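So the structure is just underneath, and the comments pick up after that.
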Amino acid sequence: MTKKAILGLEAAEISALLPDEKPFRSRQIYTWLSQGVLDFSQMTNIPIDLREKLEALFFITRSTVQQELKDPDGTIKLQIELFDGHCIETVLLIDADKRKTACVSCQVGCAMKCAFCKTGTLGFKRNLESYEIIEQFFFLEKICGRLDNIVFMGMGEPMKNLSAIRKTITFLTEPKGRNLSPRRITLSTSGLVDGIYDLADNGPDIRLAISLTTANPKTREAIMPIAKTNTLDALKEATRYFIEKRKKRVSLEVALMKDINTGSEEIALLIDFAKNLDVHINLIPWNPIEELPFSEPSNNEVQRVLKTLQSAGINATIRKKRGRKIGGSCGQLGKLRLDK
Ligand code: SF4
């Protein structure tokens, strides 16, 4: 008999799969799962015969953490092997205030092909199931204790796997379960307009980040193929709609690459895109990836961009470089198979 996934199910769903058991047992099982207990044998208030039944019917995880890489700055990257031999990476980021953020992957590879991103070179293999997203969160919590935030900014385009992400968020935010506040959840998209409207209209009520990179249509189309079908005008309208509907500021992520998007014309277009929108621009000096033909801008260049934006009244900050030594920074994730 094929085992079913149980991680990510609500108590009522577990109950429906265990019709012979009293409903309080399903709530107990759910509570263990929501605390990140990924082994039936550790569910000590469940009778042993029921634990054996659970073991026979379900799996909690079929993935294995194969590598734990630590950067001197505190960032940790996990390389996780999935049941089918594919690999994904997930990252723990710790900021100056010691807040811990899980940056999780939602797909194996990615179809978006952003030219500056290592994951974009891998091609798309498959969507992750919600349990494969939730377990990344708990694998990290086993290492660092309770996480404060989760960002869907790892491998893959979240808008292309929105149903699994919605399931993940329902599970993690359930007040009787893990009870993570939706305010502590951010989804980052390369700019899929339909997905932004869907999120604005149907929730969940989380934060949105858009990997804008440049507001120059020619540059954007050259380095982000998605821009050919999701134009900057359409993206701006969708951003405005999300801000108004959800009453939330949106983050615009701008990976700064030397001689690509740091010039004064590029920054003028960025100002034009951002003005009159409740947005915050996150400047991310491009994180080097050996096989890609881009360069990191100098500190002076980055500071000049920041000052120009701020002088124009745009909210902007520079993202601190983290996790570079372990290939755990923004855009650097990308392994489909593990080196063994
Ligand atoms: S930046 Fe995001 S959407 Fe673009 S290729 Fe990389 S993972 Fe995919």
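Ligands are numbered from 1 in the order shown, chains are lettered A, B, ... in the order of the structure tokens, and residues start at 1 in each chain.
Residues of protein or nucleic acid lying within 7 Å of ligand 1, counting only C-alpha atoms and all ligand atoms, are Cys110, Ala111, Met112, Lys113, Cys114, Cys117, Lys118, Thr119, Gly120, Met153, Gly154, Met155, Gly156, Glu157, Thr189, Ser190 and Gly331 of chain A.
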task = Pick out each residue of region 30-110 of chain A that DSSP on the backbone tags as strand (DSSP E or B); I need them as a PyMOL selection string.
result = chain A and resi 58-59+64-70+76-81+87-94+100-103+107-109
C-alpha atoms of the current selection, written as a PDB file, in the first residue's frame:
```pdb
ATOM      1  CA  PHE A  58       1.679   7.525   6.468  1.00  0.00           C
ATOM      2  CA  PHE A  59       5.080   9.094   6.127  1.00  0.00           C
ATOM      3  CA  THR A  64      17.124  13.667   4.206  1.00  0.00           C
ATOM      4  CA  VAL A  65      19.353  16.552   5.198  1.00  0.00           C
ATOM      5  CA  GLN A  66      22.595  15.570   3.494  1.00  0.00           C
ATOM      6  CA  GLN A  67      24.729  18.602   4.225  1.00  0.00           C
ATOM      7  CA  GLU A  68      24.700  21.433   6.719  1.00  0.00           C
ATOM      8  CA  LEU A  69      26.957  24.279   5.613  1.00  0.00           C
ATOM      9  CA  LYS A  70      27.811  27.124   7.988  1.00  0.00           C
ATOM     10  CA  ILE A  76      23.326  28.049   7.555  1.00  0.00           C
ATOM     11  CA  LYS A  77      22.465  26.274   4.323  1.00  0.00           C
ATOM     12  CA  LEU A  78      20.951  22.803   4.236  1.00  0.00           C
ATOM     13  CA  GLN A  79      21.169  20.564   1.212  1.00  0.00           C
ATOM     14  CA  ILE A  80      18.203  18.252   1.287  1.00  0.00           C
ATOM     15  CA  GLU A  81      17.809  15.117  -0.758  1.00  0.00           C
ATOM     16  CA  CYS A  87      18.139  18.066  -4.230  1.00  0.00           C
ATOM     17  CA  ILE A  88      16.950  21.395  -2.905  1.00  0.00           C
ATOM     18  CA  GLU A  89      18.593  23.973  -0.685  1.00  0.00           C
ATOM     19  CA  THR A  90      17.154  25.924   2.211  1.00  0.00           C
ATOM     20  CA  VAL A  91      18.771  28.693   4.215  1.00  0.00           C
ATOM     21  CA  LEU A  92      18.685  30.038   7.754  1.00  0.00           C
ATOM     22  CA  LEU A  93      19.423  33.757   7.977  1.00  0.00           C
ATOM     23  CA  ILE A  94      20.143  35.453  11.304  1.00  0.00           C
ATOM     24  CA  LYS A 100      15.901  33.957  12.569  1.00  0.00           C
ATOM     25  CA  THR A 101      14.422  33.618   9.093  1.00  0.00           C
ATOM     26  CA  ALA A 102      13.911  30.474   7.030  1.00  0.00           C
ATOM     27  CA  CYS A 103      14.387  31.072   3.307  1.00  0.00           C
ATOM     28  CA  GLN A 107      10.315  24.033  -6.581  1.00  0.00           C
ATOM     29  CA  VAL A 108      13.111  21.760  -7.778  1.00  0.00           C
ATOM     30  CA  GLY A 109      14.874  24.132 -10.167  1.00  0.00           C
TER      31      GLY A 109
END
```
Residues within 7 Å of region 285-300 of chain A, only C-alpha atoms, excluding chain neighbours under 2 positions, as a PDB file with N, CA and C atoms, in the first residue's frame:
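The resulting part05.pdb:
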```
ATOM      1  N   PHE A 116      20.506  36.205 -13.887  1.00  0.00           N
ATOM      2  CA  PHE A 116      21.471  36.503 -12.821  1.00  0.00           C
ATOM      3  C   PHE A 116      21.379  35.517 -11.659  1.00  0.00           C
ATOM      4  N   LYS A 118      21.425  31.547 -10.094  1.00  0.00           N
ATOM      5  CA  LYS A 118      21.939  30.193 -10.341  1.00  0.00           C
ATOM      6  C   LYS A 118      20.792  29.189 -10.522  1.00  0.00           C
ATOM      7  N   ALA A 255      18.463  43.438  -7.529  1.00  0.00           N
ATOM      8  CA  ALA A 255      19.819  42.884  -7.529  1.00  0.00           C
ATOM      9  C   ALA A 255      20.666  43.805  -8.412  1.00  0.00           C
ATOM     10  N   LEU A 256      21.629  44.454  -7.800  1.00  0.00           N
ATOM     11  CA  LEU A 256      22.425  45.436  -8.554  1.00  0.00           C
ATOM     12  C   LEU A 256      23.625  44.777  -9.216  1.00  0.00           C
ATOM     13  N   MET A 257      23.701  44.914 -10.548  1.00  0.00           N
ATOM     14  CA  MET A 257      24.813  44.326 -11.294  1.00  0.00           C
ATOM     15  C   MET A 257      25.576  45.431 -12.011  1.00  0.00           C
ATOM     16  N   LYS A 258      26.873  45.382 -11.870  1.00  0.00           N
ATOM     17  CA  LYS A 258      27.738  46.411 -12.476  1.00  0.00           C
ATOM     18  C   LYS A 258      27.445  46.560 -13.977  1.00  0.00           C
ATOM     19  N   LEU A 283      17.991  47.080  -2.087  1.00  0.00           N
ATOM     20  CA  LEU A 283      19.119  46.973  -3.030  1.00  0.00           C
ATOM     21  C   LEU A 283      19.995  45.791  -2.608  1.00  0.00           C
ATOM     22  N   VAL A 302      26.986  51.288  -5.289  1.00  0.00           N
ATOM     23  CA  VAL A 302      25.781  50.912  -4.534  1.00  0.00           C
ATOM     24  C   VAL A 302      25.319  52.104  -3.689  1.00  0.00           C
ATOM     25  N   GLN A 303      26.277  52.774  -3.059  1.00  0.00           N
ATOM     26  CA  GLN A 303      25.936  53.937  -2.221  1.00  0.00           C
ATOM     27  C   GLN A 303      25.334  55.059  -3.072  1.00  0.00           C
ATOM     28  N   ARG A 304      25.885  55.223  -4.273  1.00  0.00           N
ATOM     29  CA  ARG A 304      25.362  56.268  -5.151  1.00  0.00           C
ATOM     30  C   ARG A 304      23.905  55.975  -5.529  1.00  0.00           C
ATOM     31  N   SER A 329      23.539  32.922  -0.443  1.00  0.00           N
ATOM     32  CA  SER A 329      22.946  34.247  -0.618  1.00  0.00           C
ATOM     33  C   SER A 329      21.917  34.223  -1.729  1.00  0.00           C
ATOM     34  N   CYS A 330      21.192  35.331  -1.794  1.00  0.00           N
ATOM     35  CA  CYS A 330      20.156  35.506  -2.801  1.00  0.00           C
ATOM     36  C   CYS A 330      20.707  35.198  -4.201  1.00  0.00           C
ATOM     37  N   GLY A 331      20.060  34.304  -4.926  1.00  0.00           N
ATOM     38  CA  GLY A 331      20.464  33.986  -6.300  1.00  0.00           C
ATOM     39  C   GLY A 331      21.506  32.897  -6.407  1.00  0.00           C
ATOM     40  N   GLN A 332      22.091  32.488  -5.246  1.00  0.00           N
ATOM     41  CA  GLN A 332      23.200  31.523  -5.332  1.00  0.00           C
ATOM     42  C   GLN A 332      22.767  30.066  -5.156  1.00  0.00           C
TER      43      GLN A 332
END
```
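Nearest to Gly74 (chain A) of all the residues A:His280, A:Ile143, A:Asp194, A:Ile267 is A:Ile143, counting only C-alpha atoms.
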task = May I have the residues within 12 Å of Arg246 (chain A) as an MDAnalysis selection string, using only C-alpha atoms and disregarding those fewer than 2 positions away in the same chain?
result = chainID A and resid 183 196:208 238:244 248:250 278
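Note that the spacing between CA of Asn230 (chain A) and CA of Asn282 (chain A) amounts to 21.0 Å.
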inquiry  = I want to know what sits within 9 Å of region 38-54 of chain A, based on only C-alpha atoms, with residues of the same chain fewer than 2 positions away left out; could you give that as a list in words?
reply    = Leu7, Glu21, Arg25, Gln28, Ile29, Trp32, Leu33, Gln35, Gly36, Ala56, Leu57, Phe58, Phe59, Ile60, Thr61, Glu135 and Phe138 of chain A
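Counting only C-alpha atoms and comparing A:Ala312, A:Ile6, A:Arg99, A:Leu212, the residue that lies closest to Cys144 (chain A) is A:Arg99.
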Residues at most 7 Å from Thr214 (chain A), counting only C-alpha atoms, excluding those fewer than 2 positions away in the same chain, as a PDB file with C-alpha atoms, in the first residue's frame?
```
ATOM      1  CA  LEU A 212      11.932  43.921 -10.005  1.00  0.00           C
ATOM      2  CA  ASN A 216      13.947  49.518 -17.902  1.00  0.00           C
ATOM      3  CA  THR A 219      17.001  45.468 -19.716  1.00  0.00           C
ATOM      4  CA  ARG A 220      14.307  43.556 -17.859  1.00  0.00           C
ATOM      5  CA  VAL A 254      16.753  45.066  -6.989  1.00  0.00           C
ATOM      6  CA  ASN A 261      21.267  48.378 -13.865  1.00  0.00           C
ATOM      7  CA  GLU A 266      18.277  52.951 -15.027  1.00  0.00           C
ATOM      8  CA  LEU A 270      13.379  52.871 -11.067  1.00  0.00           C
TER       9      LEU A 270
END
```
remark   = Across A:Thr308, A:Asn315, A:Ser211, A:Thr231, the smallest distance to Pro158 (chain A), with only C-alpha atoms counted, is shown by A:Ser211
message = To test your reading of the structure, identify every residue in region 1-162 of chain A that backbone DSSP assigns to helix (DSSP H, G or I), and report it as an MDAnalysis selection string.
response = chainID A and resid 11:17 23:34 40:42 48:57 119:121 130:144 158:162
Those same residues, written as an mmCIF file, in the first residue's frame with C-alpha atoms?
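This went into again.cif:
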```
data_model
loop_
_atom_site.group_PDB
_atom_site.id
_atom_site.type_symbol
_atom_site.label_atom_id
_atom_site.label_comp_id
_atom_site.auth_asym_id
_atom_site.auth_seq_id
_atom_site.Cartn_x
_atom_site.Cartn_y
_atom_site.Cartn_z
ATOM 1 C CA ALA A 11 -6.588 17.711 12.505
ATOM 2 C CA ALA A 12 -9.927 17.230 10.743
ATOM 3 C CA GLU A 13 -8.173 15.870 7.643
ATOM 4 C CA ILE A 14 -6.172 13.415 9.764
ATOM 5 C CA SER A 15 -9.387 12.393 11.484
ATOM 6 C CA ALA A 16 -11.034 11.674 8.133
ATOM 7 C CA LEU A 17 -8.141 9.355 7.258
ATOM 8 C CA PRO A 23 -11.112 12.540 17.043
ATOM 9 C CA PHE A 24 -8.953 13.589 20.025
ATOM 10 C CA ARG A 25 -6.230 11.232 18.739
ATOM 11 C CA SER A 26 -6.085 13.171 15.467
ATOM 12 C CA ARG A 27 -5.745 16.397 17.407
ATOM 13 C CA GLN A 28 -2.873 14.875 19.411
ATOM 14 C CA ILE A 29 -1.131 13.730 16.222
ATOM 15 C CA TYR A 30 -1.695 17.149 14.661
ATOM 16 C CA THR A 31 -0.200 18.864 17.733
ATOM 17 C CA TRP A 32 2.962 16.770 17.513
ATOM 18 C CA LEU A 33 3.316 17.520 13.806
ATOM 19 C CA SER A 34 2.763 21.239 14.317
ATOM 20 C CA PHE A 40 5.846 8.799 15.046
ATOM 21 C CA SER A 41 7.887 6.980 17.716
ATOM 22 C CA GLN A 42 8.354 10.309 19.531
ATOM 23 C CA ILE A 48 2.087 2.116 20.530
ATOM 24 C CA ASP A 49 -0.361 0.160 18.351
ATOM 25 C CA LEU A 50 -1.686 3.411 16.862
ATOM 26 C CA ARG A 51 1.858 4.626 16.259
ATOM 27 C CA GLU A 52 2.521 1.392 14.353
ATOM 28 C CA LYS A 53 -0.658 1.923 12.355
ATOM 29 C CA LEU A 54 0.422 5.483 11.549
ATOM 30 C CA GLU A 55 3.820 4.198 10.471
ATOM 31 C CA ALA A 56 2.134 1.736 8.109
ATOM 32 C CA LEU A 57 -0.280 4.279 6.602
ATOM 33 C CA THR A 119 18.617 28.383 -9.849
ATOM 34 C CA GLY A 120 17.509 29.847 -13.175
ATOM 35 C CA THR A 121 20.265 27.865 -14.946
ATOM 36 C CA SER A 130 3.528 21.204 0.821
ATOM 37 C CA TYR A 131 5.087 18.658 3.213
ATOM 38 C CA GLU A 132 8.410 19.139 1.384
ATOM 39 C CA ILE A 133 8.170 22.873 2.076
ATOM 40 C CA ILE A 134 7.030 22.527 5.701
ATOM 41 C CA GLU A 135 9.807 20.064 6.536
ATOM 42 C CA GLN A 136 12.447 22.629 5.450
ATOM 43 C CA PHE A 137 11.089 24.920 8.168
ATOM 44 C CA PHE A 138 11.267 22.180 10.799
ATOM 45 C CA PHE A 139 14.692 20.925 9.675
ATOM 46 C CA LEU A 140 15.979 24.452 10.344
ATOM 47 C CA GLU A 141 14.133 24.729 13.678
ATOM 48 C CA LYS A 142 15.864 21.537 14.823
ATOM 49 C CA ILE A 143 19.168 23.360 14.367
ATOM 50 C CA CYS A 144 18.381 26.856 15.599
ATOM 51 C CA PRO A 158 6.289 30.652 -5.603
ATOM 52 C CA MET A 159 3.430 31.902 -7.806
ATOM 53 C CA LYS A 160 3.836 28.721 -9.866
ATOM 54 C CA ASN A 161 3.241 26.555 -6.802
ATOM 55 C CA LEU A 162 0.735 28.694 -4.950
#
```
query = So which residues touch Asn179 (chain A) within 12 Å, counting only C-alpha atoms, skipping near sequence neighbours fewer than 2 positions away, as a list in words?
reply = Thr31, Ser34, Gln35, Arg146, Leu147, Asp148, Asn149, Ile169, Thr170, Phe171, Leu172, Thr173, Glu174, Pro175, Lys176, Gly177, Ser181, Pro182, Arg183, Arg184 and Ile185 of chain A
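In this model, the gap between CA of Leu122 (chain A) and CA of His86 (chain A) comes to 11.8 Å.
The smallest atom-to-atom distance between Leu9 (chain A) and any of A:Cys106, A:Ala215, A:Ala164, A:Ile226, using only C-alpha atoms, is found for A:Ala164.
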ask   = For the atom pair CA of Arg319 (chain A) and CA of Lys307 (chain A), what is the interatomic distance in Å to one decimal place?
value = 14.5 Å
